[in-house]
Amino acid sequence: MTSSSRVTLKPGDTIGILGGGQLGRMLALAAARLGLKTQVFSPDPDSPAFDVVKNATCAEYADVEALELFASDVDVITYEFENIPSSTAMILAARRPVLPDPKVLETTQDRFAEKNFITKLGIATARYADVSSAQGLKAAIAQIGLPAVLKTRRFGYDGKGQVVVREGADPEAVWADLETRSAILEAFVPFEREISVVAARSASGEVVCYDVTENEHRDHILKFSHAPARISDDLAAQARAIAEKIATALDYVGVLAVEMFVVPGKDGLALLVNEIAPRVHNSGHWTLDGASVSQFEQHVRAIAGWPLAHPVRHGDVTMTNLIGDDILDYGKWLTRPGATVHLYGKGAPRPGRKMGHVTEVKAPQAK
Ligand code: AMP
């Protein structure tokens, strides 16, 4: 069987999930509500997703025997993070359908390939240049200008693997500090706000987008999401059209998120795509309590070959991430009227670690 095979699961079938973090955990919970079983594969024995599944595989992503056994236990395989080694994906895809198709990862694991892909679709991004040496950084600075953001091509997240390069910086020192061999330099974007579109695409090509979300970061980590974003209907429609174009061009099956910057343009506001996340996304957590069907269920439906939902939003929604020591205040959130608390069951609250989140829905006023 190959990953391009059409999948139609029945209740009682099993979804394999690569990755055992909070996203895998919430996917497993959503699958359970639809009568589907899940088996999580993760090398970390303390994976939060292990707590909510009957079957767990705790093994390294390079463990071929464990991967083969895992594949034989499940009916379809999906993933909760984008840095799946390509060899792991190949072993699994030879045995069971893997959705979204792992070829998507070749584009989304590498910031340079991703930006080239987006640009070829005629979608705007910040200006960027490939950098592979201190000399190359000097040339890129001459081309892009300063300030700019230097980002590793691979494995960056939550602001890790990136640094702002300002006027007067020493390119040799900046390059040495990033400790990478391949990076991109992006023009610094003076954005008005950051938004994202969480979209689902089915195997038959239907695309359903949630209302555009507005995101606020603290120290490069998402802190608040608000739905709907405070942008015009026209700009929101443009944002959804961009996400749909990307999902379709990737022949994507499942939920993905497209992060964008809202910037002043020639005729009002314009959009620049920052990043594609080929998975359920933190900026879609509001859908758990703020919409009739969550992003997690929507992803499960897509990879199960079931009809996508057309989710209804219940009101104006705010999602607050509980990061690091924020978790110590969980008692405060539990008593807050209207708040729904999600705790991920993680151990130590290290700085920057996502420990849980809270959603608050302000119901629309009766007319
Ligand atoms: P990323 O890992 O690319 O999603 O970046 C994390 C965060 O850093 C973004 O959500 C922005 O807040 C900020 N950021 C990333 N790239 C740029 C840029 N080119 N200009 C300004 N801010 C940026």
# chains A, B, ... in the order shown; residues from 1 in each chain; ligands from 1

$ residues_around --residues "Gly345 (chain A)" --least-positions-apart "4" --cutoff "10 Å" --atoms "only C-alpha atoms" --output "list in words"
Gly21, Gln22, Arg25, Asp46, Ser47, Pro48, Ala49, Asp51, Met355 and Gly356 of chain A

$ residues_near_ligand --ligand "ligand 1" --cutoff "7 Å" --atoms "only C-alpha atoms and all ligand atoms" --output "number ranges by chain"
A: 126, 148-149, 156-159, 186-191, 194, 217, 220, 274-275

$ write_last_selection --atoms "all heavy atoms" --output "CSV table (one decimal), in the first residue's frame"
chain,number,residue,atom,x,y,z
A,126,ALA,N,8.1,37.7,2.8
A,126,ALA,CA,9.2,38.7,3.0
A,126,ALA,C,10.3,38.4,2.0
A,126,ALA,O,10.4,37.2,1.6
A,126,ALA,CB,9.7,38.6,4.4
A,148,ALA,N,17.1,42.5,9.5
A,148,ALA,CA,16.6,41.3,8.8
A,148,ALA,C,16.7,40.2,9.9
A,148,ALA,O,17.2,40.4,11.0
A,148,ALA,CB,17.6,41.0,7.7
A,149,VAL,N,16.1,39.1,9.5
A,149,VAL,CA,16.0,37.9,10.4
A,149,VAL,C,16.7,36.8,9.8
A,149,VAL,O,16.4,36.4,8.7
A,149,VAL,CB,14.5,37.5,10.8
A,149,VAL,CG1,14.5,36.5,11.9
A,149,VAL,CG2,13.7,38.7,11.2
A,156,GLY,N,13.7,24.9,13.1
A,156,GLY,CA,13.5,26.1,13.9
A,156,GLY,C,12.0,26.0,14.4
A,156,GLY,O,11.1,25.6,13.7
A,157,TYR,N,11.8,26.5,15.6
A,157,TYR,CA,10.4,26.6,16.1
A,157,TYR,C,10.4,27.5,17.3
A,157,TYR,O,11.4,27.7,18.0
A,157,TYR,CB,9.7,25.3,16.4
A,157,TYR,CG,10.3,24.6,17.7
A,157,TYR,CD1,9.7,24.7,18.9
A,157,TYR,CD2,11.5,24.0,17.6
A,157,TYR,CE1,10.2,24.2,20.1
A,157,TYR,CE2,12.1,23.4,18.8
A,157,TYR,CZ,11.5,23.5,20.0
A,157,TYR,OH,12.0,23.0,21.1
A,158,ASP,N,9.2,28.2,17.5
A,158,ASP,CA,9.1,29.1,18.7
A,158,ASP,C,10.3,30.0,18.8
A,158,ASP,O,10.8,30.3,19.9
A,158,ASP,CB,8.9,28.3,20.0
A,158,ASP,CG,7.5,27.7,20.1
A,158,ASP,OD1,6.6,28.1,19.3
A,158,ASP,OD2,7.3,26.8,21.0
A,159,GLY,N,10.7,30.6,17.7
A,159,GLY,CA,11.8,31.5,17.7
A,159,GLY,C,13.2,30.9,17.9
A,159,GLY,O,14.2,31.6,17.9
A,186,GLU,N,15.8,36.8,6.0
A,186,GLU,CA,14.5,37.4,5.6
A,186,GLU,C,14.5,38.9,5.9
A,186,GLU,O,15.0,39.2,7.0
A,186,GLU,CB,13.4,36.8,6.4
A,186,GLU,CG,12.9,35.5,5.9
A,186,GLU,CD,11.8,35.0,6.9
A,186,GLU,OE1,11.1,35.8,7.5
A,186,GLU,OE2,11.6,33.8,6.9
A,187,ALA,N,13.9,39.7,5.1
A,187,ALA,CA,13.7,41.1,5.5
A,187,ALA,C,12.9,41.1,6.7
A,187,ALA,O,12.0,40.3,6.9
A,187,ALA,CB,13.0,41.8,4.4
A,188,PHE,N,13.2,42.0,7.7
A,188,PHE,CA,12.4,42.2,8.9
A,188,PHE,C,11.1,42.9,8.4
A,188,PHE,O,11.0,43.9,7.8
A,188,PHE,CB,13.1,43.1,9.9
A,188,PHE,CG,12.4,43.2,11.2
A,188,PHE,CD1,12.7,42.2,12.2
A,188,PHE,CD2,11.5,44.2,11.4
A,188,PHE,CE1,12.0,42.3,13.4
A,188,PHE,CE2,10.8,44.2,12.7
A,188,PHE,CZ,11.1,43.3,13.6
A,189,VAL,N,10.0,42.2,8.8
A,189,VAL,CA,8.6,42.7,8.4
A,189,VAL,C,8.0,43.6,9.5
A,189,VAL,O,7.8,43.1,10.6
A,189,VAL,CB,7.7,41.5,8.1
A,189,VAL,CG1,6.3,42.0,7.7
A,189,VAL,CG2,8.3,40.6,7.1
A,190,PRO,N,7.8,44.9,9.2
A,190,PRO,CA,7.1,45.7,10.2
A,190,PRO,C,5.6,45.5,10.2
A,190,PRO,O,4.8,46.3,9.7
A,190,PRO,CB,7.5,47.1,9.7
A,190,PRO,CG,7.7,47.0,8.2
A,190,PRO,CD,8.0,45.6,7.9
A,191,PHE,N,5.2,44.3,10.7
A,191,PHE,CA,3.8,43.9,10.5
A,191,PHE,C,2.9,44.7,11.4
A,191,PHE,O,3.3,45.1,12.5
A,191,PHE,CB,3.6,42.4,10.7
A,191,PHE,CG,4.2,41.9,12.0
A,191,PHE,CD1,3.4,42.0,13.2
A,191,PHE,CD2,5.4,41.2,12.1
A,191,PHE,CE1,3.9,41.4,14.4
A,191,PHE,CE2,5.9,40.7,13.2
A,191,PHE,CZ,5.1,40.8,14.4
A,194,GLU,N,-0.3,39.7,13.3
A,194,GLU,CA,0.0,38.4,12.7
A,194,GLU,C,-1.3,37.6,12.7
A,194,GLU,O,-2.1,37.7,13.7
A,194,GLU,CB,1.0,37.7,13.6
A,194,GLU,CG,2.4,38.3,13.5
A,194,GLU,CD,3.4,37.4,14.2
A,194,GLU,OE1,3.9,36.4,13.6
A,194,GLU,OE2,3.8,37.8,15.3
A,217,HIS,N,2.3,37.0,20.0
A,217,HIS,CA,3.5,36.3,20.5
A,217,HIS,C,4.1,37.0,21.6
A,217,HIS,O,4.1,38.3,21.7
A,217,HIS,CB,4.5,36.0,19.4
A,217,HIS,CG,4.0,35.1,18.3
A,217,HIS,ND1,3.2,35.6,17.3
A,217,HIS,CD2,4.2,33.8,18.1
A,217,HIS,CE1,2.9,34.5,16.5
A,217,HIS,NE2,3.5,33.5,17.0
A,220,HIS,N,8.6,35.3,21.1
A,220,HIS,CA,8.5,34.4,19.9
A,220,HIS,C,7.6,33.2,20.1
A,220,HIS,O,7.6,32.4,19.2
A,220,HIS,CB,9.9,33.9,19.4
A,220,HIS,CG,10.8,35.0,19.0
A,220,HIS,ND1,10.8,35.6,17.7
A,220,HIS,CD2,11.8,35.7,19.7
A,220,HIS,CE1,11.7,36.5,17.6
A,220,HIS,NE2,12.3,36.6,18.8
A,274,ASN,N,4.3,33.9,6.2
A,274,ASN,CA,5.5,33.6,7.0
A,274,ASN,C,5.9,32.1,6.9
A,274,ASN,O,7.0,31.8,6.6
A,274,ASN,CB,5.3,34.1,8.4
A,274,ASN,CG,6.5,33.7,9.3
A,274,ASN,OD1,7.7,33.8,8.8
A,274,ASN,ND2,6.3,33.4,10.5
A,275,GLU,N,4.9,31.3,7.2
A,275,GLU,CA,5.3,29.9,7.4
A,275,GLU,C,4.0,29.0,7.2
A,275,GLU,O,2.9,29.4,7.5
A,275,GLU,CB,5.7,29.7,8.8
A,275,GLU,CG,6.6,28.5,9.1
A,275,GLU,CD,7.2,28.6,10.5
A,275,GLU,OE1,6.5,29.0,11.5
A,275,GLU,OE2,8.4,28.2,10.6

$ closest_residue --among "A:Leu29, A:Leu69, A:Arg6, A:Leu36" --to "Val52 (chain A)" --atoms "only C-alpha atoms"
A:Leu29

$ residues_around --residues "Glu114 (chain A)" --least-positions-apart "6" --cutoff "12 Å" --atoms "only C-alpha atoms" --output "number ranges by chain"
A: 104-108, 120-121, 123, 125, 128, 130, 153-154, 184, 246, 250, 258, 273-278

$ select_by_dssp --residues "region 154-261 of chain A" --states "strand (DSSP E)" --output "PDB file with C-alpha atoms, in the first residue's frame"
ATOM      1  CA  GLN A 162      16.637  32.569  14.469  1.00  0.00           C
ATOM      2  CA  VAL A 163      18.190  35.910  15.243  1.00  0.00           C
ATOM      3  CA  VAL A 164      17.440  39.504  14.267  1.00  0.00           C
ATOM      4  CA  VAL A 165      20.390  41.094  12.461  1.00  0.00           C
ATOM      5  CA  ALA A 183      19.988  29.426   6.744  1.00  0.00           C
ATOM      6  CA  ILE A 184      17.873  32.069   5.088  1.00  0.00           C
ATOM      7  CA  LEU A 185      17.989  35.798   5.618  1.00  0.00           C
ATOM      8  CA  GLU A 186      14.548  37.402   5.582  1.00  0.00           C
ATOM      9  CA  ALA A 187      13.727  41.094   5.478  1.00  0.00           C
ATOM     10  CA  ARG A 193      -0.570  42.147  13.128  1.00  0.00           C
ATOM     11  CA  GLU A 194      -0.009  38.405  12.726  1.00  0.00           C
ATOM     12  CA  ILE A 195      -2.771  36.097  11.569  1.00  0.00           C
ATOM     13  CA  SER A 196      -3.141  32.457  10.604  1.00  0.00           C
ATOM     14  CA  VAL A 197      -5.562  30.370   8.635  1.00  0.00           C
ATOM     15  CA  VAL A 198      -6.250  26.833   9.817  1.00  0.00           C
ATOM     16  CA  ALA A 199      -7.601  24.891   6.853  1.00  0.00           C
ATOM     17  CA  ALA A 200      -8.582  21.308   6.167  1.00  0.00           C
ATOM     18  CA  ARG A 201      -8.428  19.579   2.787  1.00  0.00           C
ATOM     19  CA  VAL A 207     -11.048  22.792   1.399  1.00  0.00           C
ATOM     20  CA  VAL A 208     -12.723  24.144   4.556  1.00  0.00           C
ATOM     21  CA  CYS A 209     -11.102  27.061   6.422  1.00  0.00           C
ATOM     22  CA  THR A 213      -7.196  33.856  13.724  1.00  0.00           C
ATOM     23  CA  GLU A 214      -5.168  36.762  15.079  1.00  0.00           C
ATOM     24  CA  ASN A 215      -2.054  35.773  17.012  1.00  0.00           C
ATOM     25  CA  GLU A 216       0.005  37.549  19.657  1.00  0.00           C
ATOM     26  CA  HIS A 217       3.477  36.273  20.513  1.00  0.00           C
ATOM     27  CA  ARG A 218       5.602  36.845  23.595  1.00  0.00           C
ATOM     28  CA  ILE A 221       6.073  31.991  21.439  1.00  0.00           C
ATOM     29  CA  LEU A 222       2.343  32.169  20.762  1.00  0.00           C
ATOM     30  CA  LYS A 223       0.608  33.609  23.823  1.00  0.00           C
ATOM     31  CA  PHE A 224      -2.899  34.604  22.647  1.00  0.00           C
ATOM     32  CA  SER A 225      -5.092  33.768  19.666  1.00  0.00           C
ATOM     33  CA  HIS A 226      -8.291  35.661  18.908  1.00  0.00           C
ATOM     34  CA  ALA A 227     -10.986  34.510  16.517  1.00  0.00           C
ATOM     35  CA  GLY A 254      -5.574  16.886   6.633  1.00  0.00           C
ATOM     36  CA  VAL A 255      -5.360  20.137   8.574  1.00  0.00           C
ATOM     37  CA  LEU A 256      -2.638  22.688   7.955  1.00  0.00           C
ATOM     38  CA  ALA A 257      -1.992  26.211   9.185  1.00  0.00           C
ATOM     39  CA  VAL A 258      -0.626  29.127   7.199  1.00  0.00           C
ATOM     40  CA  GLU A 259       0.894  31.942   9.257  1.00  0.00           C
ATOM     41  CA  MET A 260       0.813  35.395   7.698  1.00  0.00           C
ATOM     42  CA  PHE A 261       1.854  38.964   8.425  1.00  0.00           C
TER      43      PHE A 261
END

$ atom_distance --atom1 "CA of Ser42 (chain A)" --atom2 "CA of Pro307 (chain A)"
28.8 Å

$ atom_distance --atom1 "CA of Thr8 (chain A)" --atom2 "CA of Leu23 (chain A)"
22.6 Å

$ atom_distance --atom1 "CA of His281 (chain A)" --atom2 "CA of Ala93 (chain A)"
23.2 Å

$ select_by_dssp --residues "region 94-125 of chain A" --states "helix (DSSP H, G or I)" --output "ChimeraX atom specification"
/A:103-108,111-120

$ residues_around --residues "Gly268 (chain A)" --least-positions-apart "6" --cutoff "12 Å" --atoms "only C-alpha atoms" --output "NGL selection string"
:A and (192 or 231-232 or 234-235 or 262)

$ residues_around --residues "Thr57 (chain A)" --least-positions-apart "2" --cutoff "10 Å" --atoms "only C-alpha atoms" --output "compact mmCIF listing (two decimals) with all heavy atoms, in the first residue's frame"
# COMPACT_ATOMS: atom_id res chain seq x y z
N GLY A 16 -2.59 5.70 13.48
CA GLY A 16 -1.26 5.81 14.08
C GLY A 16 -0.82 7.26 14.06
O GLY A 16 -0.98 7.95 13.04
N ILE A 17 -0.32 7.73 15.18
CA ILE A 17 0.12 9.14 15.27
C ILE A 17 1.61 9.16 15.60
O ILE A 17 2.04 8.60 16.61
CB ILE A 17 -0.66 9.90 16.36
CG1 ILE A 17 -2.16 9.87 16.06
CG2 ILE A 17 -0.15 11.34 16.47
CD1 ILE A 17 -3.02 10.46 17.19
N LEU A 18 2.39 9.82 14.75
CA LEU A 18 3.82 10.00 15.03
C LEU A 18 3.97 11.26 15.86
O LEU A 18 3.56 12.34 15.43
CB LEU A 18 4.60 10.17 13.73
CG LEU A 18 4.68 8.95 12.82
CD1 LEU A 18 5.34 9.34 11.50
CD2 LEU A 18 5.47 7.83 13.49
N GLY A 20 4.30 12.43 20.29
CA GLY A 20 3.48 12.21 21.48
C GLY A 20 3.25 13.46 22.31
O GLY A 20 2.98 13.36 23.50
N GLN A 39 -2.95 4.87 18.05
CA GLN A 39 -1.71 4.34 18.61
C GLN A 39 -0.63 5.39 18.37
O GLN A 39 -0.44 5.84 17.23
CB GLN A 39 -1.35 3.01 17.94
CG GLN A 39 -0.02 2.47 18.44
CD GLN A 39 0.11 0.97 18.26
OE1 GLN A 39 -0.87 0.28 18.00
NE2 GLN A 39 1.32 0.46 18.41
N VAL A 40 0.03 5.78 19.44
CA VAL A 40 1.01 6.87 19.34
C VAL A 40 2.42 6.29 19.32
O VAL A 40 2.75 5.41 20.11
CB VAL A 40 0.84 7.86 20.51
CG1 VAL A 40 2.01 8.82 20.62
CG2 VAL A 40 -0.47 8.63 20.35
N PHE A 41 3.26 6.82 18.42
CA PHE A 41 4.68 6.44 18.32
C PHE A 41 5.51 7.63 18.76
O PHE A 41 5.42 8.72 18.18
CB PHE A 41 5.01 6.10 16.87
CG PHE A 41 6.36 5.47 16.65
CD1 PHE A 41 6.47 4.15 16.24
CD2 PHE A 41 7.53 6.19 16.86
CE1 PHE A 41 7.71 3.55 16.02
CE2 PHE A 41 8.78 5.61 16.66
CZ PHE A 41 8.87 4.29 16.24
N SER A 42 6.30 7.46 19.81
CA SER A 42 7.15 8.55 20.27
C SER A 42 8.35 7.98 21.02
O SER A 42 8.21 7.01 21.76
CB SER A 42 6.36 9.47 21.20
OG SER A 42 7.24 10.34 21.89
N PRO A 43 9.51 8.59 20.86
CA PRO A 43 10.69 8.10 21.58
C PRO A 43 10.71 8.52 23.06
O PRO A 43 11.51 8.00 23.83
CB PRO A 43 11.87 8.75 20.85
CG PRO A 43 11.30 9.80 19.99
CD PRO A 43 9.82 9.65 19.89
N ASP A 44 9.81 9.43 23.46
CA ASP A 44 9.86 9.97 24.82
C ASP A 44 8.89 9.22 25.73
O ASP A 44 7.67 9.30 25.54
CB ASP A 44 9.49 11.47 24.75
CG ASP A 44 9.47 12.11 26.13
OD1 ASP A 44 9.77 11.41 27.12
OD2 ASP A 44 9.13 13.30 26.20
N PRO A 45 9.40 8.51 26.73
CA PRO A 45 8.49 7.74 27.60
C PRO A 45 7.49 8.63 28.35
O PRO A 45 6.45 8.14 28.79
CB PRO A 45 9.44 7.03 28.58
CG PRO A 45 10.78 7.63 28.41
CD PRO A 45 10.81 8.34 27.09
N PHE A 50 0.69 9.59 25.39
CA PHE A 50 0.61 8.21 25.86
C PHE A 50 -0.50 8.03 26.91
O PHE A 50 -1.06 6.96 27.04
CB PHE A 50 1.95 7.76 26.48
CG PHE A 50 3.04 7.46 25.48
CD1 PHE A 50 4.35 7.24 25.91
CD2 PHE A 50 2.78 7.35 24.13
CE1 PHE A 50 5.36 6.93 25.01
CE2 PHE A 50 3.79 7.06 23.22
CZ PHE A 50 5.08 6.85 23.66
N ASN A 55 -2.75 2.00 23.14
CA ASN A 55 -1.49 1.41 22.67
C ASN A 55 -0.48 2.50 22.34
O ASN A 55 -0.79 3.45 21.62
CB ASN A 55 -1.74 0.56 21.43
CG ASN A 55 -2.59 -0.64 21.76
OD1 ASN A 55 -2.34 -1.33 22.75
ND2 ASN A 55 -3.63 -0.87 20.97
N ALA A 59 9.69 4.21 20.98
CA ALA A 59 10.89 3.78 20.26
C ALA A 59 11.43 4.96 19.46
O ALA A 59 10.73 5.95 19.24
CB ALA A 59 10.54 2.63 19.31
N GLU A 60 12.68 4.83 19.04
CA GLU A 60 13.32 5.88 18.23
C GLU A 60 12.73 5.87 16.81
O GLU A 60 12.33 4.82 16.31
CB GLU A 60 14.83 5.64 18.15
CG GLU A 60 15.55 5.74 19.48
CD GLU A 60 15.41 7.10 20.14
OE1 GLU A 60 15.41 8.12 19.43
OE2 GLU A 60 15.29 7.14 21.38
N ALA A 66 10.53 -1.42 15.10
CA ALA A 66 9.41 -0.80 15.81
C ALA A 66 8.47 -0.10 14.83
O ALA A 66 7.24 -0.15 14.97
CB ALA A 66 9.92 0.20 16.85
N LEU A 67 9.03 0.53 13.81
CA LEU A 67 8.20 1.22 12.81
C LEU A 67 7.35 0.21 12.05
O LEU A 67 6.16 0.43 11.79
CB LEU A 67 9.08 2.00 11.82
CG LEU A 67 9.77 3.25 12.38
CD1 LEU A 67 10.81 3.78 11.39
CD2 LEU A 67 8.74 4.35 12.70
N LEU A 69 6.36 -2.78 13.06
CA LEU A 69 5.31 -3.31 13.95
C LEU A 69 4.18 -2.29 14.12
O LEU A 69 3.00 -2.64 14.06
CB LEU A 69 5.90 -3.63 15.32
CG LEU A 69 6.59 -4.98 15.46
CD1 LEU A 69 7.31 -5.06 16.80
CD2 LEU A 69 5.55 -6.11 15.34
N PHE A 70 4.58 -1.05 14.31
CA PHE A 70 3.60 0.05 14.45
C PHE A 70 2.70 0.11 13.20
O PHE A 70 1.47 0.16 13.31
CB PHE A 70 4.38 1.35 14.64
CG PHE A 70 3.57 2.62 14.62
CD1 PHE A 70 2.76 2.97 15.69
CD2 PHE A 70 3.66 3.49 13.55
CE1 PHE A 70 2.04 4.16 15.69
CE2 PHE A 70 2.95 4.69 13.53
CZ PHE A 70 2.13 5.01 14.61

$ residues_around --residues "region 329-344 of chain A" --least-positions-apart "2" --cutoff "6 Å" --atoms "only C-alpha atoms" --output "ChimeraX atom specification"
/A:22,326-327,346,355-360

$ write_last_selection --atoms "N, CA and C atoms" --output "PDB file, in the first residue's frame"
ATOM      1  N   GLN A  22       1.368  17.464  22.951  1.00  0.00           N
ATOM      2  CA  GLN A  22      -0.027  17.837  23.205  1.00  0.00           C
ATOM      3  C   GLN A  22      -0.879  17.765  21.946  1.00  0.00           C
ATOM      4  N   ASP A 326       3.215  29.607  34.064  1.00  0.00           N
ATOM      5  CA  ASP A 326       1.790  29.992  33.994  1.00  0.00           C
ATOM      6  C   ASP A 326       0.919  28.861  34.532  1.00  0.00           C
ATOM      7  N   ILE A 327       1.404  27.645  34.372  1.00  0.00           N
ATOM      8  CA  ILE A 327       0.614  26.475  34.766  1.00  0.00           C
ATOM      9  C   ILE A 327       0.343  26.462  36.266  1.00  0.00           C
ATOM     10  N   LYS A 346       1.961  17.501  31.320  1.00  0.00           N
ATOM     11  CA  LYS A 346       3.426  17.452  31.222  1.00  0.00           C
ATOM     12  C   LYS A 346       4.042  17.586  32.612  1.00  0.00           C
ATOM     13  N   MET A 355       2.392  24.214  28.456  1.00  0.00           N
ATOM     14  CA  MET A 355       1.883  23.296  29.477  1.00  0.00           C
ATOM     15  C   MET A 355       0.370  23.088  29.395  1.00  0.00           C
ATOM     16  N   GLY A 356      -0.326  24.016  28.760  1.00  0.00           N
ATOM     17  CA  GLY A 356      -1.776  23.918  28.650  1.00  0.00           C
ATOM     18  C   GLY A 356      -2.302  25.167  27.959  1.00  0.00           C
ATOM     19  N   HIS A 357      -3.603  25.254  27.829  1.00  0.00           N
ATOM     20  CA  HIS A 357      -4.190  26.490  27.304  1.00  0.00           C
ATOM     21  C   HIS A 357      -5.607  26.636  27.839  1.00  0.00           C
ATOM     22  N   VAL A 358      -6.121  27.848  27.691  1.00  0.00           N
ATOM     23  CA  VAL A 358      -7.474  28.162  28.166  1.00  0.00           C
ATOM     24  C   VAL A 358      -8.225  28.806  27.016  1.00  0.00           C
ATOM     25  N   THR A 359      -9.468  28.391  26.815  1.00  0.00           N
ATOM     26  CA  THR A 359     -10.285  29.081  25.810  1.00  0.00           C
ATOM     27  C   THR A 359     -11.427  29.803  26.513  1.00  0.00           C
ATOM     28  N   GLU A 360     -11.763  30.972  25.996  1.00  0.00           N
ATOM     29  CA  GLU A 360     -12.887  31.754  26.515  1.00  0.00           C
ATOM     30  C   GLU A 360     -13.725  32.209  25.332  1.00  0.00           C
TER      31      GLU A 360
END

$ closest_residue --among "A:Ser182, A:Pro364, A:Ser202, A:Glu167" --to "His299 (chain A)" --atoms "only C-alpha atoms"
A:Ser202

$ closest_residue --among "A:Ala89, A:Val300, A:Ala62, A:Ile323" --to "Pro11 (chain A)" --atoms "only C-alpha atoms"
A:Val300
